[in-house]
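Report on the structure given below.
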Amino acid sequence: MHDRELLFDLARAAGPVGYEDSVRAVVREALAPAVDRIDTDAMGNVVGTVEGE
């Protein structure tokens, strides 16, 4: 996904306070090809991890 497409997808995703699931889904999709693991914590933060030695 290109930066411009990602920006448009994020701008289109509805994410009022407390209901950010659609924004979270866009972020997870964008991160997936670049990380080994994606987690969402109790506060709703999306964290991408690249495994290393």
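The chains in the structure tokens are called A, B, ... from first to last as shown; in each chain the residues are counted from 1, and the ligands are counted from 1 in the order shown.
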
Can you check which residues of chain A DSSP gives as helix (DSSP H, G or I) on the backbone and send them as a list in words?
Asp3, Arg4, Glu5, Leu6, Leu7, Phe8, Asp9, Leu10, Ala11, Arg12, Asp21, Ser22, Val23, Arg24, Ala25, Val26, Val27, Arg28, Glu29, Ala30, Leu31, Ala32, Pro33 and Ala34 of chain A

With a distance cut-off of 12 Å and only C-alpha atoms, select the neighbouring residues of A:Phe8, excluding the residue or stretch itself and same-chain residues fewer than 6 positions from it, and output the selection as a ChimeraX atom specification.
/A:1-2,14,23,26

From a DSSP pass on the backbone, collect the residues of chain A flagged as strand (DSSP E or B) and hand them back as a PyMOL selection string.
chain A and resi 37-40+46-49

Neighbour list for A:Tyr19 as a ChimeraX atom specification, cut-off 12 Å, only C-alpha atoms, skip fewer than 6 positions in-chain:
/A:13,25,43-44

Serialized selection, N, CA, C and O atoms, as a short mmCIF file (atom, residue, chain, number, x, y, z; two decimals), in the first residue's frame:
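Okay, this is what ended up in result36.cif:
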data_model
loop_
_atom_site.label_atom_id
_atom_site.label_comp_id
_atom_site.auth_asym_id
_atom_site.auth_seq_id
_atom_site.Cartn_x
_atom_site.Cartn_y
_atom_site.Cartn_z
N ALA A 13 -11.73 6.10 7.37
CA ALA A 13 -12.14 5.21 8.46
C ALA A 13 -12.78 6.02 9.58
O ALA A 13 -12.20 6.96 10.09
N ALA A 25 -8.22 -1.50 12.17
CA ALA A 25 -8.17 -2.48 11.08
C ALA A 25 -7.30 -1.99 9.93
O ALA A 25 -6.53 -2.76 9.35
N MET A 43 -5.53 -0.85 25.86
CA MET A 43 -5.96 0.50 25.54
C MET A 43 -6.32 0.67 24.06
O MET A 43 -6.77 1.73 23.64
N GLY A 44 -6.11 -0.37 23.26
CA GLY A 44 -6.45 -0.30 21.84
C GLY A 44 -5.30 0.11 20.95
O GLY A 44 -5.50 0.28 19.75
#
